[in-house]
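**Q** Have a peek at model12.txt (compact mmCIF, C-alpha atoms and all ligand atoms).
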# COMPACT_ATOMS: atom_id res chain seq x y z
CA MET A 1290 13.59 -26.06 -5.37
CA MET A 1291 11.68 -23.10 -6.74
CA ASN A 1292 13.44 -20.06 -8.11
CA PHE A 1293 12.07 -16.51 -8.07
CA HIS A 1294 13.49 -13.28 -9.39
CA ILE A 1295 12.56 -10.24 -7.33
CA ALA A 1296 13.20 -6.63 -8.35
CA VAL A 1297 14.05 -4.79 -5.14
CA ILE A 1298 13.49 -1.03 -4.91
CA PRO A 1299 14.62 0.32 -1.54
CA GLY A 1300 13.97 3.94 -2.59
CA ASP A 1301 14.41 6.91 -0.24
CA GLY A 1302 14.03 7.86 3.42
CA ILE A 1303 13.17 4.82 5.54
CA GLY A 1304 12.80 2.71 2.36
CA PRO A 1305 16.28 1.09 2.54
CA GLU A 1306 15.99 0.45 6.31
CA ILE A 1307 12.69 -1.39 6.12
CA MET A 1308 13.68 -3.18 2.91
CA ASP A 1309 16.74 -4.67 4.67
CA GLN A 1310 14.39 -6.24 7.21
CA ALA A 1311 12.03 -7.64 4.56
CA LEU A 1312 15.00 -9.17 2.73
CA LEU A 1313 16.25 -10.71 5.96
CA VAL A 1314 12.85 -12.34 6.46
CA LEU A 1315 12.69 -13.54 2.83
CA LYS A 1316 16.18 -15.05 3.04
CA GLU A 1317 15.11 -16.94 6.14
CA ILE A 1318 11.97 -18.19 4.38
CA GLY A 1319 14.09 -19.24 1.40
CA SER A 1320 16.38 -21.24 3.62
CA ILE A 1321 13.57 -22.88 5.62
CA TYR A 1322 11.42 -23.81 2.61
CA HIS A 1323 14.25 -24.31 0.11
CA HIS A 1324 13.34 -21.58 -2.35
CA GLU A 1325 15.86 -19.52 -4.20
CA PHE A 1326 15.05 -15.83 -4.18
CA ARG A 1327 17.25 -13.89 -6.57
CA PHE A 1328 17.24 -10.16 -5.77
CA SER A 1329 18.10 -7.44 -8.30
CA GLU A 1330 18.40 -3.96 -6.85
CA VAL A 1331 16.56 -1.30 -8.80
CA MET A 1332 17.03 2.46 -8.46
CA MET A 1333 13.88 4.50 -8.32
CA GLY A 1334 12.94 7.77 -6.69
CA GLY A 1335 15.12 10.57 -5.35
CA CYS A 1336 18.20 8.34 -5.17
CA ALA A 1337 17.85 7.59 -8.90
CA ILE A 1338 17.45 11.30 -9.66
CA ASP A 1339 20.66 12.04 -7.75
CA LYS A 1340 22.65 9.24 -9.32
CA LYS A 1341 21.23 8.88 -12.81
CA GLY A 1342 19.27 12.07 -13.42
CA GLU A 1343 15.75 10.56 -13.55
CA ALA A 1344 13.28 8.97 -11.15
CA LEU A 1345 12.88 5.70 -13.05
CA PRO A 1346 15.73 5.07 -15.48
CA GLN A 1347 14.85 2.78 -18.40
CA GLU A 1348 17.40 0.12 -17.38
CA ASP A 1349 15.82 -0.05 -13.93
CA LEU A 1350 12.31 -0.29 -15.32
CA THR A 1351 13.53 -3.11 -17.58
CA ILE A 1352 14.73 -5.11 -14.55
CA CYS A 1353 11.23 -4.76 -13.05
CA LEU A 1354 9.55 -5.82 -16.29
CA LYS A 1355 11.75 -8.94 -16.45
CA SER A 1356 11.23 -9.88 -12.80
CA ASP A 1357 8.65 -12.18 -11.22
CA ALA A 1358 7.62 -9.48 -8.72
CA VAL A 1359 8.63 -6.04 -7.51
CA LEU A 1360 9.24 -5.28 -3.85
CA LEU A 1361 9.23 -1.58 -3.07
CA GLY A 1362 10.10 0.50 0.00
CA ALA A 1363 9.06 4.12 -0.58
CA VAL A 1364 10.24 7.14 -2.53
CA GLY A 1365 10.34 10.90 -2.12
CA GLY A 1366 11.56 13.52 0.29
CA GLU A 1367 11.97 17.23 0.83
CA LYS A 1368 15.23 17.31 -1.12
CA TRP A 1369 13.31 16.76 -4.35
CA ASP A 1370 10.15 18.73 -3.55
CA HIS A 1371 11.29 21.74 -5.58
CA LEU A 1372 11.43 19.73 -8.82
CA PRO A 1373 8.74 20.15 -11.49
CA GLY A 1374 5.96 17.57 -11.14
CA ASP A 1375 7.09 15.41 -14.02
CA GLN A 1376 10.60 15.08 -12.60
CA ARG A 1377 9.76 14.24 -9.00
CA PRO A 1378 10.54 10.88 -7.33
CA GLU A 1379 6.80 10.13 -7.03
CA ARG A 1380 6.48 10.32 -10.82
CA GLY A 1381 8.82 7.31 -11.05
CA LEU A 1382 6.45 5.36 -8.83
CA LEU A 1383 3.39 6.35 -10.87
CA ARG A 1384 5.17 5.34 -14.07
CA LEU A 1385 6.18 1.97 -12.61
CA ARG A 1386 2.55 1.23 -11.67
CA LYS A 1387 1.38 2.24 -15.14
CA GLU A 1388 4.08 0.30 -17.02
CA LEU A 1389 3.33 -2.86 -15.04
CA GLY A 1390 -0.41 -2.33 -15.49
CA SER A 1391 -0.90 -2.67 -11.73
CA TYR A 1392 -4.37 -1.17 -11.62
CA ALA A 1393 -5.64 -2.88 -8.47
CA ASN A 1394 -4.10 -1.86 -5.17
CA ILE A 1395 -5.18 -4.19 -2.41
CA ARG A 1396 -4.69 -2.80 1.08
CA PRO A 1397 -5.93 -5.05 3.89
CA ALA A 1398 -6.40 -3.25 7.20
CA VAL A 1399 -6.63 -5.58 10.16
CA LEU A 1400 -6.52 -4.62 13.81
CA TYR A 1401 -4.66 -7.43 15.56
CA LYS A 1402 -5.97 -8.06 19.05
CA GLU A 1403 -2.36 -7.66 20.22
CA LEU A 1404 -2.51 -4.03 19.01
CA LYS A 1405 -5.86 -3.02 20.46
CA ASP A 1406 -4.13 -0.53 22.75
CA ALA A 1407 -2.45 1.15 19.77
CA CYS A 1408 -5.84 1.82 18.17
CA PRO A 1409 -7.06 5.33 19.06
CA LEU A 1410 -10.73 4.26 18.99
CA LYS A 1411 -12.68 3.34 22.12
CA SER A 1412 -13.11 -0.38 22.71
CA GLU A 1413 -16.91 -0.17 22.27
CA ILE A 1414 -16.29 1.19 18.76
CA ILE A 1415 -13.70 -1.47 17.94
CA GLY A 1416 -16.21 -4.13 19.01
CA GLU A 1417 -15.34 -7.49 17.52
CA GLY A 1418 -12.33 -5.95 15.81
CA ILE A 1419 -11.51 -4.28 12.53
CA ASP A 1420 -10.86 -6.32 9.40
CA LEU A 1421 -11.46 -4.52 6.14
CA CYS A 1422 -9.78 -4.32 2.78
CA VAL A 1423 -9.39 -1.23 0.64
CA VAL A 1424 -9.34 -1.96 -3.09
CA ARG A 1425 -7.97 1.19 -4.65
CA GLU A 1426 -7.87 1.89 -8.39
CA LEU A 1427 -4.19 2.63 -9.03
CA THR A 1428 -3.45 3.57 -12.62
CA GLY A 1429 -6.21 6.02 -13.48
CA GLY A 1430 -8.15 8.96 -12.11
CA ILE A 1431 -6.80 12.34 -11.14
CA TYR A 1432 -3.22 11.13 -10.57
CA PHE A 1433 -2.99 10.21 -14.25
CA GLY A 1434 -5.43 12.62 -15.92
CA GLU A 1435 -4.33 15.65 -17.91
CA LYS A 1436 -2.71 18.28 -15.75
CA GLY A 1437 -1.25 21.66 -16.44
CA ARG A 1438 -0.97 25.35 -15.83
CA ARG A 1439 -2.14 28.34 -17.82
CA ARG A 1440 -2.74 32.04 -17.49
CA GLY A 1441 -6.32 32.88 -16.60
CA THR A 1442 -8.12 36.14 -15.99
CA MET A 1443 -7.45 35.71 -12.26
CA GLY A 1444 -3.76 34.99 -12.62
CA GLU A 1445 -2.16 31.61 -13.06
CA GLN A 1446 -4.44 28.55 -13.10
CA ALA A 1447 -3.56 24.91 -12.44
CA TYR A 1448 -5.69 21.87 -13.16
CA ASP A 1449 -5.70 18.08 -12.69
CA ILE A 1450 -8.43 16.16 -14.42
CA GLU A 1451 -10.21 13.24 -12.78
CA ILE A 1452 -11.01 10.89 -15.63
CA TYR A 1453 -12.24 7.29 -15.62
CA SER A 1454 -13.35 5.07 -18.45
CA GLU A 1455 -15.90 2.30 -18.24
CA THR A 1456 -13.36 -0.48 -18.77
CA GLU A 1457 -11.09 0.85 -16.02
CA ILE A 1458 -13.99 0.90 -13.57
CA GLU A 1459 -15.14 -2.56 -14.66
CA SER A 1460 -11.70 -4.00 -13.97
CA ILE A 1461 -11.39 -2.59 -10.46
CA ALA A 1462 -15.01 -3.53 -9.73
CA ARG A 1463 -14.29 -7.16 -10.64
CA THR A 1464 -11.22 -7.17 -8.40
CA ALA A 1465 -13.31 -5.84 -5.51
CA PHE A 1466 -16.09 -8.40 -5.99
CA GLU A 1467 -13.57 -11.24 -6.28
CA VAL A 1468 -11.83 -10.11 -3.09
CA ALA A 1469 -15.22 -9.82 -1.33
CA ARG A 1470 -16.15 -13.36 -2.40
CA LYS A 1471 -13.21 -14.66 -0.38
CA ARG A 1472 -14.18 -12.48 2.59
CA ASN A 1473 -17.56 -11.40 3.97
CA LYS A 1474 -19.23 -10.76 0.61
CA LYS A 1475 -19.87 -7.07 1.06
CA VAL A 1476 -18.56 -4.27 -1.17
CA THR A 1477 -18.91 -0.59 -0.31
CA SER A 1478 -18.14 1.59 -3.30
CA ILE A 1479 -17.03 5.06 -2.31
CA ASP A 1480 -17.45 8.07 -4.57
CA LYS A 1481 -18.70 11.63 -4.76
CA ALA A 1482 -21.57 10.97 -7.16
CA ASN A 1483 -23.58 13.88 -5.77
CA VAL A 1484 -21.04 16.23 -7.38
CA LEU A 1485 -18.68 14.47 -9.80
CA GLU A 1486 -19.64 13.16 -13.24
CA SER A 1487 -16.77 10.65 -13.07
CA SER A 1488 -18.32 9.32 -9.84
CA ARG A 1489 -21.71 8.91 -11.50
CA LEU A 1490 -20.13 6.74 -14.19
CA TRP A 1491 -18.20 4.90 -11.45
CA ARG A 1492 -21.44 4.17 -9.57
CA SER A 1493 -23.35 2.94 -12.61
CA VAL A 1494 -20.51 0.62 -13.68
CA MET A 1495 -20.28 -0.76 -10.12
CA GLU A 1496 -24.02 -1.53 -10.30
CA LYS A 1497 -23.62 -3.23 -13.67
CA VAL A 1498 -20.73 -5.45 -12.53
CA ALA A 1499 -22.58 -6.27 -9.30
CA GLY A 1500 -25.11 -8.06 -11.51
CA GLU A 1501 -22.46 -10.73 -12.16
CA TYR A 1502 -21.95 -11.28 -8.42
CA ASP A 1503 -25.30 -12.20 -6.90
CA ASP A 1504 -23.60 -13.58 -3.82
CA VAL A 1505 -21.99 -10.22 -2.96
CA VAL A 1506 -23.89 -7.22 -1.55
CA LEU A 1507 -23.00 -3.81 -2.99
CA ASN A 1508 -23.71 -0.50 -1.33
CA HIS A 1509 -22.57 3.04 -2.11
CA MET A 1510 -21.30 5.79 0.13
CA TYR A 1511 -20.06 9.32 -0.44
CA ILE A 1512 -16.40 9.90 0.38
CA ASP A 1513 -17.04 12.54 3.04
CA ASN A 1514 -19.44 10.26 4.91
CA ALA A 1515 -17.06 7.31 4.46
CA ALA A 1516 -14.21 9.23 6.09
CA MET A 1517 -16.49 9.74 9.08
CA GLN A 1518 -18.02 6.23 9.14
CA LEU A 1519 -14.54 4.69 9.19
CA ILE A 1520 -14.05 6.24 12.63
CA LYS A 1521 -17.65 5.91 13.85
CA ASN A 1522 -18.25 2.30 12.93
CA PRO A 1523 -15.34 0.66 11.10
CA SER A 1524 -16.70 -2.87 11.43
CA GLN A 1525 -19.53 -2.06 8.97
CA PHE A 1526 -16.93 -2.33 6.18
CA ASP A 1527 -15.71 -5.48 4.48
CA VAL A 1528 -14.32 -4.47 1.07
CA ILE A 1529 -14.06 -0.80 0.18
CA VAL A 1530 -13.61 -0.08 -3.52
CA THR A 1531 -12.73 3.41 -4.62
CA THR A 1532 -10.78 5.69 -6.91
CA ASN A 1533 -7.06 6.31 -6.89
CA MET A 1534 -7.11 9.48 -4.80
CA PHE A 1535 -9.97 8.57 -2.44
CA GLY A 1536 -8.29 5.19 -1.85
CA ASP A 1537 -4.96 6.84 -1.16
CA ILE A 1538 -6.51 9.02 1.53
CA LEU A 1539 -8.91 6.49 3.07
CA SER A 1540 -6.26 3.80 3.39
CA ASP A 1541 -4.02 6.08 5.45
CA GLU A 1542 -7.05 6.74 7.67
CA ALA A 1543 -7.79 3.01 7.89
CA SER A 1544 -4.18 2.33 8.84
CA MET A 1545 -4.36 4.51 11.92
CA ILE A 1546 -7.34 2.64 13.33
CA THR A 1547 -5.31 -0.56 13.06
CA GLY A 1548 -2.56 0.96 15.19
CA SER A 1549 -0.11 2.63 12.83
CA ILE A 1550 0.57 3.44 9.22
CA GLY A 1551 3.79 1.46 9.69
CA ILE A 1552 2.08 -1.92 9.67
CA LEU A 1553 -0.15 -1.92 6.58
CA PRO A 1554 1.05 -3.80 3.50
CA SER A 1555 -0.25 -3.68 -0.03
CA ALA A 1556 -0.27 -5.60 -3.28
CA SER A 1557 -0.70 -3.90 -6.65
CA LEU A 1558 -1.90 -6.34 -9.26
CA GLY A 1559 -2.92 -6.23 -12.90
CA GLU A 1560 -3.64 -8.59 -15.76
CA GLY A 1561 0.02 -9.62 -15.96
CA LYS A 1562 1.63 -11.67 -13.26
CA ILE A 1563 4.17 -9.11 -12.02
CA GLY A 1564 2.80 -7.54 -8.87
CA ILE A 1565 4.23 -4.61 -6.94
CA TYR A 1566 4.37 -5.08 -3.18
CA GLU A 1567 4.85 -2.09 -0.92
CA PRO A 1568 3.80 -0.78 2.47
CA ILE A 1569 1.10 1.89 2.22
CA HIS A 1570 3.19 4.58 3.87
CA GLY A 1571 5.74 6.92 2.36
CA SER A 1572 9.45 7.49 2.92
CA ALA A 1573 8.90 9.06 6.39
CA PRO A 1574 11.82 11.53 6.11
CA ASP A 1575 11.16 12.69 9.69
CA ILE A 1576 12.42 9.38 11.09
CA ALA A 1577 14.76 8.22 8.31
CA GLY A 1578 18.13 6.86 9.39
CA LEU A 1579 17.16 6.73 13.06
CA ASP A 1580 16.27 3.03 13.37
CA LEU A 1581 12.75 4.11 14.37
CA ALA A 1582 10.68 2.93 11.40
CA ASN A 1583 8.31 0.04 11.81
CA PRO A 1584 9.30 -2.60 9.23
CA ILE A 1585 6.11 -4.65 9.65
CA GLY A 1586 4.21 -3.10 6.71
CA MET A 1587 7.17 -3.88 4.47
CA ILE A 1588 7.57 -7.41 5.84
CA LEU A 1589 3.84 -8.13 5.42
CA SER A 1590 4.09 -6.80 1.85
CA ALA A 1591 6.74 -9.45 1.21
CA ALA A 1592 4.27 -12.02 2.59
CA MET A 1593 1.62 -10.76 0.14
CA MET A 1594 4.15 -11.20 -2.67
CA LEU A 1595 4.69 -14.84 -1.69
CA ARG A 1596 0.93 -15.39 -1.68
CA TYR A 1597 -0.20 -13.51 -4.80
CA SER A 1598 2.76 -13.71 -7.18
CA PHE A 1599 4.38 -17.00 -6.15
CA ASP A 1600 1.43 -19.02 -4.79
CA LEU A 1601 3.38 -19.75 -1.60
CA GLU A 1602 0.50 -19.67 0.87
CA SER A 1603 2.20 -21.54 3.75
CA GLU A 1604 5.27 -19.37 3.49
CA ALA A 1605 3.14 -16.19 3.49
CA LYS A 1606 1.16 -17.43 6.48
CA SER A 1607 4.31 -18.28 8.37
CA ILE A 1608 5.54 -14.66 8.01
CA GLU A 1609 2.16 -13.34 9.13
CA ASN A 1610 2.17 -15.69 12.12
CA ALA A 1611 5.69 -14.63 13.04
CA VAL A 1612 4.58 -10.98 13.06
CA VAL A 1613 1.59 -11.75 15.28
CA ASN A 1614 3.75 -13.85 17.63
CA ILE A 1615 6.27 -11.06 18.03
CA LEU A 1616 3.47 -8.58 18.78
CA GLY A 1617 2.08 -11.16 21.22
CA LYS A 1618 5.44 -11.06 23.02
CA ASN A 1619 4.83 -7.32 23.59
CA ILE A 1620 7.65 -6.24 21.31
CA ARG A 1621 6.99 -2.83 19.76
CA THR A 1622 8.56 -0.18 17.59
CA ARG A 1623 8.00 3.41 18.72
CA ASP A 1624 4.91 4.05 16.57
CA ILE A 1625 2.95 1.28 18.32
CA MET A 1626 4.65 1.53 21.71
CA GLY A 1627 2.48 1.26 24.81
CA GLU A 1628 2.80 0.89 28.56
CA GLY A 1629 4.68 -2.19 29.71
CA MET A 1630 5.81 -3.03 26.18
CA HIS A 1631 9.37 -3.72 25.11
CA LEU A 1632 10.67 -1.04 22.74
CA VAL A 1633 12.89 -2.10 19.82
CA GLY A 1634 14.29 -0.42 16.72
CA THR A 1635 13.76 -1.25 13.04
CA LYS A 1636 16.65 -3.73 12.85
CA GLU A 1637 15.79 -5.54 16.05
CA MET A 1638 12.14 -5.89 15.01
CA GLY A 1639 13.20 -7.38 11.66
CA LYS A 1640 15.64 -9.77 13.27
CA LEU A 1641 13.12 -10.95 15.87
CA ILE A 1642 10.50 -11.64 13.18
CA ALA A 1643 13.05 -13.51 11.06
CA ASP A 1644 14.16 -15.57 14.09
CA GLU A 1645 10.52 -16.32 14.95
CA LEU A 1646 10.12 -18.14 11.60
CA ARG A 1647 12.22 -21.08 12.82
N1 LIG B 1701 4.66 4.73 -1.93
C1 LIG B 1701 5.47 5.76 -1.77
O1 LIG B 1701 6.60 5.71 -2.14
C2 LIG B 1701 4.95 6.95 -1.07
C3 LIG B 1701 5.74 8.06 -1.00
N2 LIG B 1701 5.34 9.16 -0.31
C4 LIG B 1701 6.32 10.24 -0.18
O2 LIG B 1701 6.95 10.12 1.11
C5 LIG B 1701 7.35 11.40 1.58
C6 LIG B 1701 6.79 11.64 2.98
O3 LIG B 1701 5.39 11.74 2.92
P1 LIG B 1701 4.45 11.89 4.20
O4 LIG B 1701 3.27 12.61 3.77
O5 LIG B 1701 5.24 12.38 5.35
O6 LIG B 1701 3.93 10.39 4.50
P2 LIG B 1701 4.65 9.16 5.22
O7 LIG B 1701 3.75 8.01 5.09
O8 LIG B 1701 6.04 9.00 4.72
O9 LIG B 1701 4.73 9.61 6.76
C7 LIG B 1701 3.61 10.05 7.48
C8 LIG B 1701 3.87 9.89 8.98
O10 LIG B 1701 3.86 8.50 9.30
C9 LIG B 1701 5.08 8.10 9.87
N3 LIG B 1701 5.44 6.78 9.32
C10 LIG B 1701 5.35 6.40 8.02
N4 LIG B 1701 5.81 5.16 7.88
C11 LIG B 1701 6.19 4.73 9.09
C12 LIG B 1701 6.76 3.52 9.58
N5 LIG B 1701 7.04 2.48 8.79
N6 LIG B 1701 7.04 3.43 10.90
C13 LIG B 1701 6.77 4.45 11.73
N7 LIG B 1701 6.22 5.62 11.32
C14 LIG B 1701 5.95 5.76 10.02
C15 LIG B 1701 6.08 9.18 9.48
O11 LIG B 1701 7.15 9.23 10.40
C16 LIG B 1701 5.23 10.41 9.42
O12 LIG B 1701 5.12 10.98 10.69
C17 LIG B 1701 6.83 12.41 0.55
O13 LIG B 1701 7.89 12.72 -0.31
C18 LIG B 1701 5.75 11.64 -0.20
O14 LIG B 1701 5.54 12.08 -1.50
C19 LIG B 1701 4.14 9.20 0.36
C20 LIG B 1701 3.31 8.12 0.31
C21 LIG B 1701 3.63 6.94 -0.43
C1 LIG B 1702 2.89 9.05 -5.03
C2 LIG B 1702 1.66 8.72 -4.20
C3 LIG B 1702 0.50 8.42 -5.07
C4 LIG B 1702 1.99 7.59 -3.29
C5 LIG B 1702 0.96 7.32 -2.25
O1 LIG B 1702 0.62 8.13 -1.43
C6 LIG B 1702 0.40 5.99 -2.18
O2 LIG B 1702 0.49 5.23 -3.13
O3 LIG B 1702 -0.20 5.66 -1.15
MG MG B 1703 -0.63 7.28 0.15
Can you give me the file's structure in the form of structure tokens?
**A**
Amino acid sequence: MMNFHIAVIPGDGIGPEIMDQALLVLKEIGSIYHHEFRFSEVMMGGCAIDKKGEALPQEDLTICLKSDAVLLGAVGGEKWDHLPGDQRPERGLLRLRKELGSYANIRPAVLYKELKDACPLKSEIIGEGIDLCVVRELTGGIYFGEKGRRRGTMGEQAYDIEIYSETEIESIARTAFEVARKRNKKVTSIDKANVLESSRLWRSVMEKVAGEYDDVVLNHMYIDNAAMQLIKNPSQFDVIVTTNMFGDILSDEASMITGSIGILPSASLGEGKIGIYEPIHGSAPDIAGLDLANPIGMILSAAMMLRYSFDLESEAKSIENAVVNILGKNIRTRDIMGEGMHLVGTKEMGKLIADELR
């Protein structure tokens, strides 16, 4: 029997609802495959601010640092939007990523044939289907650069600095090329090198690292064009590698062409073995507590955890198959609902996927 210690961060909004479903699925996997998953609940986000006065209390961070992997719902909400930037729930999340050194955020975006009707693109654009992977730099760039406010001659000024160093770009480039090697061997690096100095460094480092990967093709694209190409011809992409902010934005766009933001998972990996696994969406306050959230992104994130942190490929695959089977049975949450489909809530979707594992 194998034993794994998982730090569980439900967070805010729909976070706890979708996390319950991922835990249900993991418990089922544990019982089928005889693994022991030990869960330690960690407080992070708005709930931690309310209860303990800060977004990521030290004791909670320590649990994550001592775990084998971190499973995360989502944080944030209007209640905490008035707080200064460095005290907001989202700052807890950024700190967690930094402390764990999780610089590579891997966000696969696959349009399942079962969800073709949920994709807003015309079928001639979808073609053979959409299967791409966004590799987003996660612990650098504008989200982590110097920021501040000052008085200027035109009133108050605010600034956020986009800053990347060669070694940071090298690391994310290697991740992208390694991911591409296991896929269709094509990397599109997305930047704004026609304007930004940081992008020009990004581009030149991408070129340099590409020299180590003769079997992978590298091309470059500007972010504005990429946002358009993703809608015009998504199947041209295999692996997209880009900065923290561009990757944040493009992956939400990519999610919609696969049906819904509610179904995309992610893995955030670094040099260490502790990965963070979370859906790409946020805390969705507009639907929190209503049993409307799609738990699939969270459940598939748990599958990625089994694959990347625990080397449990069959177990990961069996979760992914269960999700596809349930979609194949026309079962849908509201975000992916279509004509003739059977509508279920968050809990029912989780339970059906867990039952499907047997
Ligand atoms: N990783 C994290 O913890 C993230 C946190 N946030 C935070 O979440 C809060 C809300 O941000 P938004 O911009 O509204 O983004 P969001 O991703 O939470 O929601 C955007 C839209 O997608 C829908 N949606 C999201 N997840 C869904 C799911 N699983 N099933 C069905 N529909 C879903 C929402 O209902 C909403 O209409 C903010 O406080 C933001 O800072 C945002 C993104 C990531
Ligand atoms: C706090 C944000 C950077 C979270 C987010 O939007 C994301 O990671 O996708
Ligand atoms: Mg985002």
**Q** Using all atoms listed in the file, I'd like a table of the residues in chain A that come within 8 Å of ligand MG 1703 (chain B); for each, show the closest atom pair and its distance in Å rounded to one decimal, ordered by chain and ascending number, as CSV.
**A**
residue,atom,partner,partner_atom,distance
A:Asp1537,CA,B:MG1703,MG,4.5
A:Ile1538,CA,B:MG1703,MG,6.3
A:Ser1540,CA,B:MG1703,MG,7.4
A:Asp1541,CA,B:MG1703,MG,6.4
A:Ile1569,CA,B:MG1703,MG,6.0
A:His1570,CA,B:MG1703,MG,6.0
A:Gly1571,CA,B:MG1703,MG,6.8
**Q** Could those selected residues go to a file with C-alpha atoms, as an mmCIF file, in the frame of the given file?
**A**
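Output file out25.cif follows:
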data_model
loop_
_atom_site.group_PDB
_atom_site.id
_atom_site.type_symbol
_atom_site.label_atom_id
_atom_site.label_comp_id
_atom_site.auth_asym_id
_atom_site.auth_seq_id
_atom_site.Cartn_x
_atom_site.Cartn_y
_atom_site.Cartn_z
ATOM 1 C CA ASP A 1537 -4.960 6.840 -1.160
ATOM 2 C CA ILE A 1538 -6.510 9.020 1.530
ATOM 3 C CA SER A 1540 -6.260 3.800 3.390
ATOM 4 C CA ASP A 1541 -4.020 6.080 5.450
ATOM 5 C CA ILE A 1569 1.100 1.890 2.220
ATOM 6 C CA HIS A 1570 3.190 4.580 3.870
ATOM 7 C CA GLY A 1571 5.740 6.920 2.360
#
**Q** Can you pull out every residue within 8 Å of segment 1329-1343 of chain A, counting all atoms listed in the file, but drop anything in the same chain fewer than 4 positions away, and send it as a list of chain:residue names?
**A**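 Listed by chain and then number, they are A:His1294, A:Ile1295, A:Ala1296, A:Val1297, A:Ile1298, A:Pro1299, A:Gly1300, A:Asp1301, A:Asp1349, A:Leu1350, A:Ile1352, A:Cys1353, A:Val1364, A:Gly1365, A:Gly1366, A:Lys1368, A:Trp1369, A:Gln1376, A:Arg1377, A:Pro1378, A:Glu1379, A:Gly1381, A:Leu1382.
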**Q** Using all atoms listed in the file, which residues sit within 7 Å of segment 1601-1609 of chain A once same-chain residues fewer than 4 positions away are excluded, as a list in words?
**A**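 Here the answer would be Ile1318, Leu1589, Ala1592, Met1593, Leu1595, Arg1596, Val1613 and Leu1646 of chain A.
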**Q** Which one is closest to ligand LIG 1702 (chain B): A:Pro1554, A:Gly1548, A:Pro1409, A:Gly1437? Count only C-alpha atoms and all ligand atoms.
**A**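 Once distances to ligand LIG 1702 (chain B) are computed over only C-alpha atoms and all ligand atoms, the minimum belongs to A:Pro1554.
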**Q** Using all atoms listed in the file, can you tell me which of A:Ile1588, A:Met1594, A:Val1528, A:Leu1427 comes closest to Ala1643 of chain A?
**A** A:Ile1588
**Q** Would you mind listing what lies within 9 Å of Pro1523 of chain A as a ChimeraX atom specification, with all atoms listed in the file counted and same-chain residues fewer than 2 positions away left out?
**A** /A:1414-1415,1418-1421,1518-1521,1525-1526,1543,1546
**Q** Measuring atom to atom with all atoms listed in the file, identify which of A:Glu1486, A:Glu1457, A:Ala1462, A:Asn1533 is nearest to Gly1430 of chain A.
**A**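 Of the candidates, the smallest distance to Gly1430 of chain A is held by A:Asn1533.
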**Q** What box, with edges along x, y and z, holds each listed atom of ligand LIG 1701 (chain B) when 8 Å is added on every side, and can you state its centre and edge lengths in Å to one decimal, as AutoDock Vina command-line options?
**A**
--center_x 5.6 --center_y 7.6 --center_z 4.8 --size_x 20.6 --size_y 26.2 --size_z 29.9
**Q** With a distance cut-off of 8 Å and all atoms listed in the file, select the neighbouring residues of segment 1464-1470 of chain A, excluding the residue or stretch itself and same-chain residues fewer than 3 positions from it, and output the selection as number ranges by chain.
**A** A: 1393, 1424, 1460-1461, 1473-1476, 1499, 1502, 1504-1505, 1527-1530
**Q** Can I get the selection written as a PDB file, in the frame of the given file, with C-alpha atoms?
**A**
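Below you can see selection.pdb, which holds the result:
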ATOM      1  CA  ALA A1393      -5.640  -2.880  -8.470  1.00  0.00           C
ATOM      2  CA  VAL A1424      -9.340  -1.960  -3.090  1.00  0.00           C
ATOM      3  CA  SER A1460     -11.700  -4.000 -13.970  1.00  0.00           C
ATOM      4  CA  ILE A1461     -11.390  -2.590 -10.460  1.00  0.00           C
ATOM      5  CA  ASN A1473     -17.560 -11.400   3.970  1.00  0.00           C
ATOM      6  CA  LYS A1474     -19.230 -10.760   0.610  1.00  0.00           C
ATOM      7  CA  LYS A1475     -19.870  -7.070   1.060  1.00  0.00           C
ATOM      8  CA  VAL A1476     -18.560  -4.270  -1.170  1.00  0.00           C
ATOM      9  CA  ALA A1499     -22.580  -6.270  -9.300  1.00  0.00           C
ATOM     10  CA  TYR A1502     -21.950 -11.280  -8.420  1.00  0.00           C
ATOM     11  CA  ASP A1504     -23.600 -13.580  -3.820  1.00  0.00           C
ATOM     12  CA  VAL A1505     -21.990 -10.220  -2.960  1.00  0.00           C
ATOM     13  CA  ASP A1527     -15.710  -5.480   4.480  1.00  0.00           C
ATOM     14  CA  VAL A1528     -14.320  -4.470   1.070  1.00  0.00           C
ATOM     15  CA  ILE A1529     -14.060  -0.800   0.180  1.00  0.00           C
ATOM     16  CA  VAL A1530     -13.610  -0.080  -3.520  1.00  0.00           C
TER      17      VAL A1530
END
**Q** Using Å and a single decimal, report how far atom CA of Lys1402 of chain A sits from atom CA of Met1630 of chain A.
**A**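 So the two atoms, atom CA of Met1630 of chain A and atom CA of Lys1402 of chain A, lie 14.7 Å apart.
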**Q** Which value, in Å to one decimal, gives the distance between atom CA of Glu1628 of chain A and atom CA of Asp1406 of chain A?
**A**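 Result for atom CA of Glu1628 of chain A versus atom CA of Asp1406 of chain A: 9.2 Å, one decimal.
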**Q** Find, counting all atoms listed in the file, the residue in A:Arg1380, A:Lys1436, A:Lys1618, A:Lys1405 that gets nearest to ligand LIG 1701 (chain B).
**A**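 Between A:Arg1380, A:Lys1436, A:Lys1618, A:Lys1405, the residue approaching ligand LIG 1701 (chain B) most closely is A:Arg1380.
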**Q** When you draw a straight line from atom CA of Met1517 of chain A to atom CA of Val1484 of chain A, how long is it in Å?
**A**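 Answer for the atom CA of Met1517 of chain A to atom CA of Val1484 of chain A separation: 18.3 Å.
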**Q** In terms of the shortest atom-to-atom distance over all atoms listed in the file, which of A:Gly1559, A:Pro1397, A:Gly1441, A:Gly1634 is closest to ligand LIG 1701 (chain B)?
**A**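 Selected residue with least distance to ligand LIG 1701 (chain B): A:Gly1634.
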